[in-house]
file model.tsv (TSV, C-alpha atoms and all ligand atoms)
chain	number	residue	atom	x	y	z
A	1	MET	CA	-216.24	-52.32	160.01
A	2	ILE	CA	-214.96	-55.47	161.69
A	3	LEU	CA	-217.00	-57.95	163.72
A	4	ILE	CA	-215.38	-59.92	166.53
A	5	GLY	CA	-216.81	-62.31	169.11
A	6	PHE	CA	-216.94	-65.91	170.21
A	7	MET	CA	-217.92	-68.80	167.94
A	8	GLY	CA	-221.68	-68.79	167.41
A	9	SER	CA	-222.15	-65.08	168.13
A	10	GLY	CA	-223.51	-64.50	164.61
A	11	LYS	CA	-220.56	-62.64	163.10
A	12	THR	CA	-220.94	-64.12	159.63
A	13	THR	CA	-224.71	-63.73	159.39
A	14	ILE	CA	-224.68	-60.18	160.74
A	15	ALA	CA	-221.76	-59.15	158.51
A	16	GLU	CA	-223.70	-60.43	155.48
A	17	ASN	CA	-226.77	-58.49	156.55
A	18	ILE	CA	-224.85	-55.27	157.08
A	19	ALA	CA	-223.05	-55.67	153.75
A	20	ARG	CA	-226.34	-56.24	151.93
A	21	GLU	CA	-227.95	-53.25	153.64
A	22	LEU	CA	-225.04	-50.91	152.82
A	23	ASN	CA	-224.29	-52.45	149.45
A	24	VAL	CA	-220.65	-53.13	150.31
A	25	LYS	CA	-218.58	-56.30	150.19
A	26	CYS	CA	-218.55	-58.84	152.96
A	27	LEU	CA	-215.31	-60.60	153.80
A	28	ASP	CA	-215.20	-63.64	156.03
A	29	ILE	CA	-211.65	-64.32	157.24
A	30	ASP	CA	-212.25	-68.07	157.77
A	31	GLU	CA	-213.63	-68.34	154.25
A	32	GLU	CA	-210.66	-66.40	152.83
A	33	ILE	CA	-208.27	-68.76	154.63
A	34	THR	CA	-209.93	-71.85	153.17
A	35	LYS	CA	-209.89	-70.26	149.69
A	36	LYS	CA	-206.28	-69.09	149.87
A	37	TYR	CA	-204.88	-72.37	151.18
A	38	ASP	CA	-207.45	-74.56	149.43
A	39	THR	CA	-208.21	-76.62	152.52
A	40	SER	CA	-210.60	-76.68	155.47
A	41	ILE	CA	-210.10	-75.09	158.90
A	42	SER	CA	-210.20	-78.57	160.48
A	43	GLN	CA	-207.47	-79.78	158.12
A	44	ILE	CA	-205.22	-76.86	159.03
A	45	PHE	CA	-205.75	-77.52	162.75
A	46	SER	CA	-205.01	-81.22	162.42
A	47	LYS	CA	-201.95	-80.77	160.20
A	48	GLU	CA	-200.38	-77.65	161.69
A	49	GLY	CA	-202.06	-77.22	165.05
A	50	GLU	CA	-203.64	-74.02	166.33
A	51	GLU	CA	-200.37	-72.10	165.96
A	52	GLY	CA	-200.23	-72.87	162.24
A	53	PHE	CA	-203.82	-71.77	161.84
A	54	ARG	CA	-203.21	-68.49	163.74
A	55	LYS	CA	-200.30	-67.61	161.44
A	56	LYS	CA	-202.45	-68.10	158.37
A	57	GLU	CA	-205.28	-66.17	160.00
A	58	PHE	CA	-202.87	-63.30	160.70
A	59	GLU	CA	-201.68	-63.24	157.07
A	60	VAL	CA	-205.22	-63.14	155.72
A	61	LEU	CA	-206.33	-60.53	158.24
A	62	ASN	CA	-203.31	-58.40	157.39
A	63	SER	CA	-204.10	-58.43	153.68
A	64	SER	CA	-207.82	-57.79	154.25
A	65	LEU	CA	-207.74	-54.71	156.44
A	66	ASN	CA	-207.23	-52.26	153.59
A	67	LYS	CA	-210.44	-53.40	151.89
A	68	ASP	CA	-213.70	-51.51	151.95
A	69	ALA	CA	-215.73	-54.36	153.33
A	70	VAL	CA	-217.58	-55.62	156.35
A	71	ILE	CA	-215.05	-58.04	157.82
A	72	SER	CA	-216.13	-61.04	159.83
A	73	THR	CA	-213.32	-62.61	161.89
A	74	GLY	CA	-212.86	-66.03	163.50
A	75	GLY	CA	-213.59	-66.23	167.22
A	76	GLY	CA	-209.99	-66.81	168.25
A	77	VAL	CA	-208.37	-63.98	166.29
A	78	VAL	CA	-207.89	-61.95	169.48
A	79	THR	CA	-205.83	-64.71	171.13
A	80	TYR	CA	-202.91	-64.30	168.74
A	81	LYS	CA	-200.81	-61.35	169.82
A	82	ALA	CA	-199.86	-60.15	166.33
A	83	SER	CA	-203.47	-60.28	165.13
A	84	LEU	CA	-204.76	-58.52	168.24
A	85	GLU	CA	-202.17	-55.77	167.80
A	86	LEU	CA	-203.06	-55.44	164.15
A	87	LEU	CA	-206.73	-55.00	165.00
A	88	LYS	CA	-205.97	-52.45	167.69
A	89	SER	CA	-203.52	-50.44	165.60
A	90	GLN	CA	-205.66	-50.06	162.48
A	91	SER	CA	-207.98	-47.10	162.20
A	92	LYS	CA	-209.83	-47.79	158.96
A	93	HIS	CA	-212.54	-49.92	160.57
A	94	LYS	CA	-214.58	-49.61	163.72
A	95	ILE	CA	-214.61	-52.87	165.66
A	96	PHE	CA	-217.84	-54.35	167.02
A	97	TYR	CA	-217.77	-57.06	169.65
A	98	LEU	CA	-220.85	-59.29	169.43
A	99	ASP	CA	-221.62	-60.31	172.99
A	100	ALA	CA	-223.82	-63.20	174.15
A	101	PRO	CA	-224.00	-65.42	177.25
A	102	PHE	CA	-221.91	-68.57	177.13
A	103	GLN	CA	-224.83	-71.00	177.22
A	104	VAL	CA	-226.49	-69.38	174.19
A	105	LEU	CA	-223.27	-69.67	172.21
A	106	TYR	CA	-222.52	-73.17	173.42
A	107	ASP	CA	-225.95	-74.46	172.37
A	108	ARG	CA	-225.29	-73.17	168.86
A	109	ILE	CA	-221.78	-74.58	168.44
A	110	LYS	CA	-221.54	-77.77	170.49
A	111	GLY	CA	-220.42	-80.78	168.52
A	112	ASP	CA	-219.78	-78.75	165.35
A	113	ASP	CA	-217.02	-80.72	163.68
A	114	THR	CA	-216.12	-77.85	161.37
A	115	ARG	CA	-215.01	-75.89	164.46
A	116	PRO	CA	-212.12	-77.80	166.09
A	117	LEU	CA	-212.19	-75.72	169.27
A	118	ALA	CA	-215.96	-76.08	169.78
A	119	ASN	CA	-215.82	-79.82	169.40
A	120	GLN	CA	-214.50	-80.57	172.90
A	121	ASP	CA	-215.75	-80.74	176.52
A	122	ARG	CA	-218.09	-77.99	177.67
A	123	GLU	CA	-215.63	-77.02	180.40
A	124	LYS	CA	-212.86	-76.49	177.89
A	125	VAL	CA	-215.04	-74.39	175.62
A	126	HIS	CA	-216.19	-72.40	178.65
A	127	ALA	CA	-212.58	-71.76	179.65
A	128	LEU	CA	-211.87	-70.41	176.15
A	129	TYR	CA	-214.84	-68.09	176.48
A	130	GLU	CA	-213.76	-66.83	179.91
A	131	ASN	CA	-210.20	-66.25	178.75
A	132	ARG	CA	-211.29	-64.31	175.71
A	133	LEU	CA	-213.86	-61.95	177.18
A	134	GLU	CA	-211.38	-59.27	178.20
A	135	LEU	CA	-209.59	-59.54	174.86
A	136	TYR	CA	-212.83	-58.94	172.93
A	137	LYS	CA	-213.67	-55.97	175.13
A	138	SER	CA	-210.18	-54.51	174.78
A	139	ALA	CA	-210.23	-54.80	170.98
A	140	GLY	CA	-213.81	-53.68	170.39
A	141	ASP	CA	-214.81	-50.05	169.99
A	142	PHE	CA	-218.37	-51.10	170.79
A	143	THR	CA	-219.92	-54.04	172.60
A	144	ILE	CA	-223.16	-55.18	170.99
A	145	ASP	CA	-225.67	-57.17	173.03
A	146	THR	CA	-226.88	-59.80	170.55
A	147	GLU	CA	-229.91	-60.97	172.48
A	148	LYS	CA	-232.27	-59.29	170.02
A	149	SER	CA	-233.26	-59.77	166.40
A	150	ILE	CA	-230.71	-59.84	163.61
A	151	PHE	CA	-232.55	-56.89	162.09
A	152	GLU	CA	-232.08	-54.83	165.27
A	153	ILE	CA	-228.42	-55.80	165.64
A	154	THR	CA	-227.75	-54.90	162.00
A	155	GLN	CA	-229.38	-51.48	162.39
A	156	GLU	CA	-227.59	-50.77	165.66
A	157	ILE	CA	-224.18	-51.46	164.14
A	158	ILE	CA	-224.94	-49.41	161.02
A	159	ASP	CA	-226.03	-46.46	163.19
A	160	LEU	CA	-222.98	-46.70	165.47
A	161	ASN	CA	-220.66	-46.85	162.48
A	162	ASP	CA	-221.93	-43.54	161.05
A	201	LIG	C1	-212.10	-70.32	166.11
A	201	LIG	C2	-213.27	-69.88	165.53
A	201	LIG	C3	-213.67	-70.22	164.16
A	201	LIG	C4	-212.44	-70.54	163.29
A	201	LIG	C5	-211.58	-71.55	163.97
A	201	LIG	C6	-211.10	-71.12	165.36
A	201	LIG	C7	-211.82	-69.97	167.53
A	201	LIG	O1	-214.43	-69.14	163.59
A	201	LIG	O2	-211.69	-69.38	163.04
A	201	LIG	O3	-212.32	-72.75	164.06
A	201	LIG	O4	-210.66	-70.11	167.97
A	201	LIG	O5	-212.76	-69.51	168.23
A	201	LIG	P1	-215.96	-68.77	164.03
A	201	LIG	O6	-215.88	-67.85	165.19
A	201	LIG	O7	-216.51	-68.12	162.81
A	201	LIG	O8	-216.63	-70.06	164.35

call {"tool": "encode", "arguments": {"input": "model.tsv", "output": "structure tokens", "more": "lines below"}}
Ligand code: S3P
result
Amino acid sequence: MILIGFMGSGKTTIAENIARELNVKCLDIDEEITKKYDTSISQIFSKEGEEGFRKKEFEVLNSSLNKDAVISTGGGVVTYKASLELLKSQSKHKIFYLDAPFQVLYDRIKGDDTRPLANQDREKVHALYENRLELYKSAGDFTIDTEKSIFEITQEIIDLND
């Protein structure tokens, strides 16, 4: 399965929980990017801009999709056409969109200097959120309301994936 959703929606934590519960591997695309290129996400953004980051993200996503793992993606993966098409065209994994209201997400991510796109004015982050909503919905097979416990979210996704 693949988890998508905005920054702060809990993709990484929930993917780890699901993986532990099902005894499968957990693969975090951001983490794979930093391992493969031996640098931080912020460094990639500052050296190569968002476009450079998206290309690397696409490469890593592309080489991860054949793995039997719970895959946690970065929040902007759906904004890059090639990555969005890749997600939509694969059939190995069901895709779960983790949904939460903007303010909840913003309170979790504001000022996080490891997330270049969260570390800017509220209005700009809000615009990103608004622009992405339809993309998340179009890519997701299921929309998961995350305003409940991590335990409940984990179980819901496991049940839907069966
Ligand atoms: C991004 C989200 C981040 C990371 C990068 C860009 C985005 O991942 O991929 O900073 O464009 O929303 P998380 O969603 O795990 O924070």

call {"tool": "residues_around", "arguments": {"input": "model.tsv", "residues": "Gly111 (chain A)", "least_positions_apart": "6", "cutoff": "8 Å", "atoms": "only C-alpha atoms", "output": "PyMOL selection string"}}
result
chain A and resi 118-120

call {"tool": "closest_atom_pairs", "arguments": {"input": "model.tsv", "of": "chain A", "to": "ligand LIG 201 (chain A)", "cutoff": "6 Å", "atoms": "all atoms listed in the file", "output": "Markdown table"}}
result
| residue | atom | partner | partner_atom | distance |
| --- | --- | --- | --- | --- |
| A:Phe6 | CA | A:LIG201 | O6 | 5.5 |
| A:Met7 | CA | A:LIG201 | O6 | 3.6 |
| A:Asp30 | CA | A:LIG201 | O2 | 5.5 |
| A:Gly74 | CA | A:LIG201 | O1 | 3.5 |
| A:Gly75 | CA | A:LIG201 | O6 | 3.5 |
| A:Gly76 | CA | A:LIG201 | O4 | 3.4 |
| A:Arg115 | CA | A:LIG201 | O3 | 4.2 |
| A:Pro116 | CA | A:LIG201 | O3 | 5.4 |
| A:Leu117 | CA | A:LIG201 | O4 | 6.0 |

call {"tool": "residues_around", "arguments": {"input": "model.tsv", "residues": "His93 (chain A)", "least_positions_apart": "6", "cutoff": "9 Å", "atoms": "only C-alpha atoms", "output": "mmCIF file with C-alpha atoms, in the frame of the given file"}}
result
data_model
loop_
_atom_site.group_PDB
_atom_site.id
_atom_site.type_symbol
_atom_site.label_atom_id
_atom_site.label_comp_id
_atom_site.auth_asym_id
_atom_site.auth_seq_id
_atom_site.Cartn_x
_atom_site.Cartn_y
_atom_site.Cartn_z
ATOM 1 C CA MET A 1 -216.240 -52.320 160.010
ATOM 2 C CA ILE A 2 -214.960 -55.470 161.690
ATOM 3 C CA LEU A 65 -207.740 -54.710 156.440
ATOM 4 C CA ASP A 68 -213.700 -51.510 151.950
ATOM 5 C CA VAL A 70 -217.580 -55.620 156.350
ATOM 6 C CA ILE A 71 -215.050 -58.040 157.820
ATOM 7 C CA LEU A 87 -206.730 -55.000 165.000
ATOM 8 C CA ASN A 161 -220.660 -46.850 162.480
#

call {"tool": "residues_near_point", "arguments": {"input": "model.tsv", "point": "(-218.2, -52.5, 171.1)", "cutoff": "10 Å", "atoms": "all atoms listed in the file", "output": "short mmCIF file (atom, residue, chain, number, x, y, z; two decimals) with C-alpha atoms, in the coordinates of the input"}}
result
data_model
loop_
_atom_site.label_atom_id
_atom_site.label_comp_id
_atom_site.auth_asym_id
_atom_site.auth_seq_id
_atom_site.Cartn_x
_atom_site.Cartn_y
_atom_site.Cartn_z
CA LEU A 3 -217.00 -57.95 163.72
CA ILE A 4 -215.38 -59.92 166.53
CA LYS A 94 -214.58 -49.61 163.72
CA ILE A 95 -214.61 -52.87 165.66
CA PHE A 96 -217.84 -54.35 167.02
CA TYR A 97 -217.77 -57.06 169.65
CA LEU A 98 -220.85 -59.29 169.43
CA ASP A 99 -221.62 -60.31 172.99
CA TYR A 136 -212.83 -58.94 172.93
CA LYS A 137 -213.67 -55.97 175.13
CA SER A 138 -210.18 -54.51 174.78
CA ALA A 139 -210.23 -54.80 170.98
CA GLY A 140 -213.81 -53.68 170.39
CA ASP A 141 -214.81 -50.05 169.99
CA PHE A 142 -218.37 -51.10 170.79
CA THR A 143 -219.92 -54.04 172.60
CA ILE A 144 -223.16 -55.18 170.99
CA ASP A 145 -225.67 -57.17 173.03
CA ILE A 157 -224.18 -51.46 164.14
CA LEU A 160 -222.98 -46.70 165.47
#

call {"tool": "closest_residue", "arguments": {"input": "model.tsv", "among": "A:Ile14, A:Lys47, A:Tyr129, A:Lys36", "to": "Val104 (chain A)", "atoms": "all atoms listed in the file"}}
result
A:Tyr129

call {"tool": "atom_distance", "arguments": {"input": "model.tsv", "atom1": "CA of Leu86 (chain A)", "atom2": "CA of Lys67 (chain A)"}}
result
14.5 Å

call {"tool": "closest_residue", "arguments": {"input": "model.tsv", "among": "A:Ala100, A:Ala69, A:Val78, A:Leu128", "to": "Arg20 (chain A)", "atoms": "all atoms listed in the file"}}
result
A:Ala69

call {"tool": "atom_distance", "arguments": {"input": "model.tsv", "atom1": "CA of His126 (chain A)", "atom2": "CA of Thr79 (chain A)"}}
result
14.9 Å

call {"tool": "atom_distance", "arguments": {"input": "model.tsv", "atom1": "CA of Asn17 (chain A)", "atom2": "CA of Thr154 (chain A)"}}
result
6.6 Å

call {"tool": "decode", "arguments": {"input": "model.tsv", "residues": "region 110-125 of chain A", "atoms": "all heavy atoms", "output": "mmCIF file, in the first residue's frame"}}
result
data_model
loop_
_atom_site.group_PDB
_atom_site.id
_atom_site.type_symbol
_atom_site.label_atom_id
_atom_site.label_comp_id
_atom_site.auth_asym_id
_atom_site.auth_seq_id
_atom_site.Cartn_x
_atom_site.Cartn_y
_atom_site.Cartn_z
ATOM 1 N N LYS A 110 4.286 24.025 10.988
ATOM 2 C CA LYS A 110 4.765 25.409 10.828
ATOM 3 C C LYS A 110 6.169 25.582 11.419
ATOM 4 O O LYS A 110 6.480 25.040 12.478
ATOM 5 C CB LYS A 110 3.781 26.420 11.415
ATOM 6 C CG LYS A 110 3.571 26.301 12.885
ATOM 7 C CD LYS A 110 2.491 27.286 13.347
ATOM 8 C CE LYS A 110 2.059 26.940 14.751
ATOM 9 N NZ LYS A 110 0.788 27.474 15.147
ATOM 10 N N GLY A 111 6.983 26.292 10.662
ATOM 11 C CA GLY A 111 8.337 26.589 11.112
ATOM 12 C C GLY A 111 9.302 25.412 11.095
ATOM 13 O O GLY A 111 10.420 25.530 11.580
ATOM 14 N N ASP A 112 8.881 24.276 10.534
ATOM 15 C CA ASP A 112 9.769 23.109 10.490
ATOM 16 C C ASP A 112 10.836 23.336 9.425
ATOM 17 O O ASP A 112 10.546 23.323 8.230
ATOM 18 C CB ASP A 112 8.928 21.855 10.173
ATOM 19 C CG ASP A 112 9.775 20.595 10.124
ATOM 20 O OD1 ASP A 112 11.015 20.697 10.076
ATOM 21 O OD2 ASP A 112 9.180 19.507 10.129
ATOM 22 N N ASP A 113 12.077 23.539 9.872
ATOM 23 C CA ASP A 113 13.090 23.886 8.863
ATOM 24 C C ASP A 113 13.638 22.682 8.111
ATOM 25 O O ASP A 113 14.486 22.816 7.249
ATOM 26 C CB ASP A 113 14.208 24.757 9.460
ATOM 27 C CG ASP A 113 14.880 24.084 10.634
ATOM 28 O OD1 ASP A 113 14.696 22.867 10.787
ATOM 29 O OD2 ASP A 113 15.589 24.775 11.385
ATOM 30 N N THR A 114 13.128 21.495 8.412
ATOM 31 C CA THR A 114 13.500 20.340 7.580
ATOM 32 C C THR A 114 12.530 20.191 6.412
ATOM 33 O O THR A 114 12.711 19.353 5.547
ATOM 34 C CB THR A 114 13.525 19.017 8.377
ATOM 35 O OG1 THR A 114 12.177 18.679 8.748
ATOM 36 C CG2 THR A 114 14.375 19.120 9.626
ATOM 37 N N ARG A 115 11.458 21.012 6.421
ATOM 38 C CA ARG A 115 10.466 20.951 5.339
ATOM 39 C C ARG A 115 10.439 22.316 4.645
ATOM 40 O O ARG A 115 9.712 23.224 5.081
ATOM 41 C CB ARG A 115 9.084 20.653 5.902
ATOM 42 C CG ARG A 115 8.898 19.222 6.380
ATOM 43 C CD ARG A 115 7.541 19.093 7.052
ATOM 44 N NE ARG A 115 7.065 17.740 7.120
ATOM 45 C CZ ARG A 115 6.607 17.177 8.244
ATOM 46 N NH1 ARG A 115 6.591 17.848 9.377
ATOM 47 N NH2 ARG A 115 6.146 15.936 8.221
ATOM 48 N N PRO A 116 11.203 22.474 3.564
ATOM 49 C CA PRO A 116 11.324 23.794 2.927
ATOM 50 C C PRO A 116 9.980 24.421 2.567
ATOM 51 O O PRO A 116 9.820 25.635 2.702
ATOM 52 C CB PRO A 116 12.134 23.498 1.659
ATOM 53 C CG PRO A 116 12.785 22.186 1.884
ATOM 54 C CD PRO A 116 11.969 21.430 2.872
ATOM 55 N N LEU A 117 9.013 23.633 2.170
ATOM 56 C CA LEU A 117 7.743 24.225 1.731
ATOM 57 C C LEU A 117 6.778 24.521 2.883
ATOM 58 O O LEU A 117 5.761 25.178 2.699
ATOM 59 C CB LEU A 117 7.076 23.335 0.676
ATOM 60 C CG LEU A 117 7.893 23.198 -0.619
ATOM 61 C CD1 LEU A 117 7.196 22.288 -1.611
ATOM 62 C CD2 LEU A 117 8.137 24.563 -1.262
ATOM 63 N N ALA A 118 7.116 24.047 4.089
ATOM 64 C CA ALA A 118 6.270 24.357 5.251
ATOM 65 C C ALA A 118 6.779 25.613 5.932
ATOM 66 O O ALA A 118 6.043 26.304 6.638
ATOM 67 C CB ALA A 118 6.312 23.199 6.248
ATOM 68 N N ASN A 119 8.033 25.896 5.669
ATOM 69 C CA ASN A 119 8.714 26.984 6.359
ATOM 70 C C ASN A 119 8.530 28.306 5.602
ATOM 71 O O ASN A 119 9.493 28.929 5.187
ATOM 72 C CB ASN A 119 10.189 26.597 6.465
ATOM 73 C CG ASN A 119 10.860 27.282 7.623
ATOM 74 O OD1 ASN A 119 10.207 27.983 8.399
ATOM 75 N ND2 ASN A 119 12.161 27.104 7.737
ATOM 76 N N GLN A 120 7.293 28.681 5.363
ATOM 77 C CA GLN A 120 6.978 29.940 4.685
ATOM 78 C C GLN A 120 5.625 30.453 5.200
ATOM 79 O O GLN A 120 5.012 29.822 6.054
ATOM 80 C CB GLN A 120 6.971 29.751 3.160
ATOM 81 C CG GLN A 120 6.152 28.568 2.682
ATOM 82 C CD GLN A 120 6.198 28.361 1.166
ATOM 83 O OE1 GLN A 120 6.660 29.206 0.431
ATOM 84 N NE2 GLN A 120 5.687 27.228 0.708
ATOM 85 N N ASP A 121 5.179 31.611 4.696
ATOM 86 C CA ASP A 121 3.942 32.212 5.203
ATOM 87 C C ASP A 121 2.761 31.239 5.191
ATOM 88 O O ASP A 121 2.625 30.444 4.266
ATOM 89 C CB ASP A 121 3.522 33.399 4.319
ATOM 90 C CG ASP A 121 4.456 34.569 4.502
ATOM 91 O OD1 ASP A 121 5.276 34.513 5.435
ATOM 92 O OD2 ASP A 121 4.356 35.510 3.698
ATOM 93 N N ARG A 122 1.889 31.419 6.206
ATOM 94 C CA ARG A 122 0.712 30.563 6.299
ATOM 95 C C ARG A 122 -0.088 30.563 5.002
ATOM 96 O O ARG A 122 -0.551 29.529 4.542
ATOM 97 C CB ARG A 122 -0.167 31.039 7.469
ATOM 98 C CG ARG A 122 -1.351 30.134 7.747
ATOM 99 C CD ARG A 122 -2.249 30.719 8.828
ATOM 100 N NE ARG A 122 -3.268 29.766 9.238
ATOM 101 C CZ ARG A 122 -4.382 29.499 8.558
ATOM 102 N NH1 ARG A 122 -4.626 30.109 7.416
ATOM 103 N NH2 ARG A 122 -5.254 28.613 9.012
ATOM 104 N N GLU A 123 -0.240 31.761 4.421
ATOM 105 C CA GLU A 123 -1.033 31.863 3.181
ATOM 106 C C GLU A 123 -0.456 31.016 2.059
ATOM 107 O O GLU A 123 -1.191 30.413 1.280
ATOM 108 C CB GLU A 123 -1.074 33.312 2.698
ATOM 109 C CG GLU A 123 -2.193 34.115 3.297
ATOM 110 C CD GLU A 123 -1.953 35.609 3.161
ATOM 111 O OE1 GLU A 123 -1.574 36.046 2.060
ATOM 112 O OE2 GLU A 123 -2.126 36.306 4.172
ATOM 113 N N LYS A 124 0.855 30.985 1.988
ATOM 114 C CA LYS A 124 1.506 30.203 0.928
ATOM 115 C C LYS A 124 1.315 28.706 1.168
ATOM 116 O O LYS A 124 1.082 27.939 0.244
ATOM 117 C CB LYS A 124 2.992 30.540 0.844
ATOM 118 C CG LYS A 124 3.235 31.908 0.265
ATOM 119 C CD LYS A 124 4.669 32.075 -0.182
ATOM 120 C CE LYS A 124 4.825 33.443 -0.824
ATOM 121 N NZ LYS A 124 6.141 34.025 -0.608
ATOM 122 N N VAL A 125 1.432 28.313 2.429
ATOM 123 C CA VAL A 125 1.251 26.888 2.743
ATOM 124 C C VAL A 125 -0.212 26.502 2.498
ATOM 125 O O VAL A 125 -0.509 25.427 1.959
ATOM 126 C CB VAL A 125 1.663 26.581 4.215
ATOM 127 C CG1 VAL A 125 1.592 25.092 4.488
ATOM 128 C CG2 VAL A 125 3.063 27.100 4.503
#
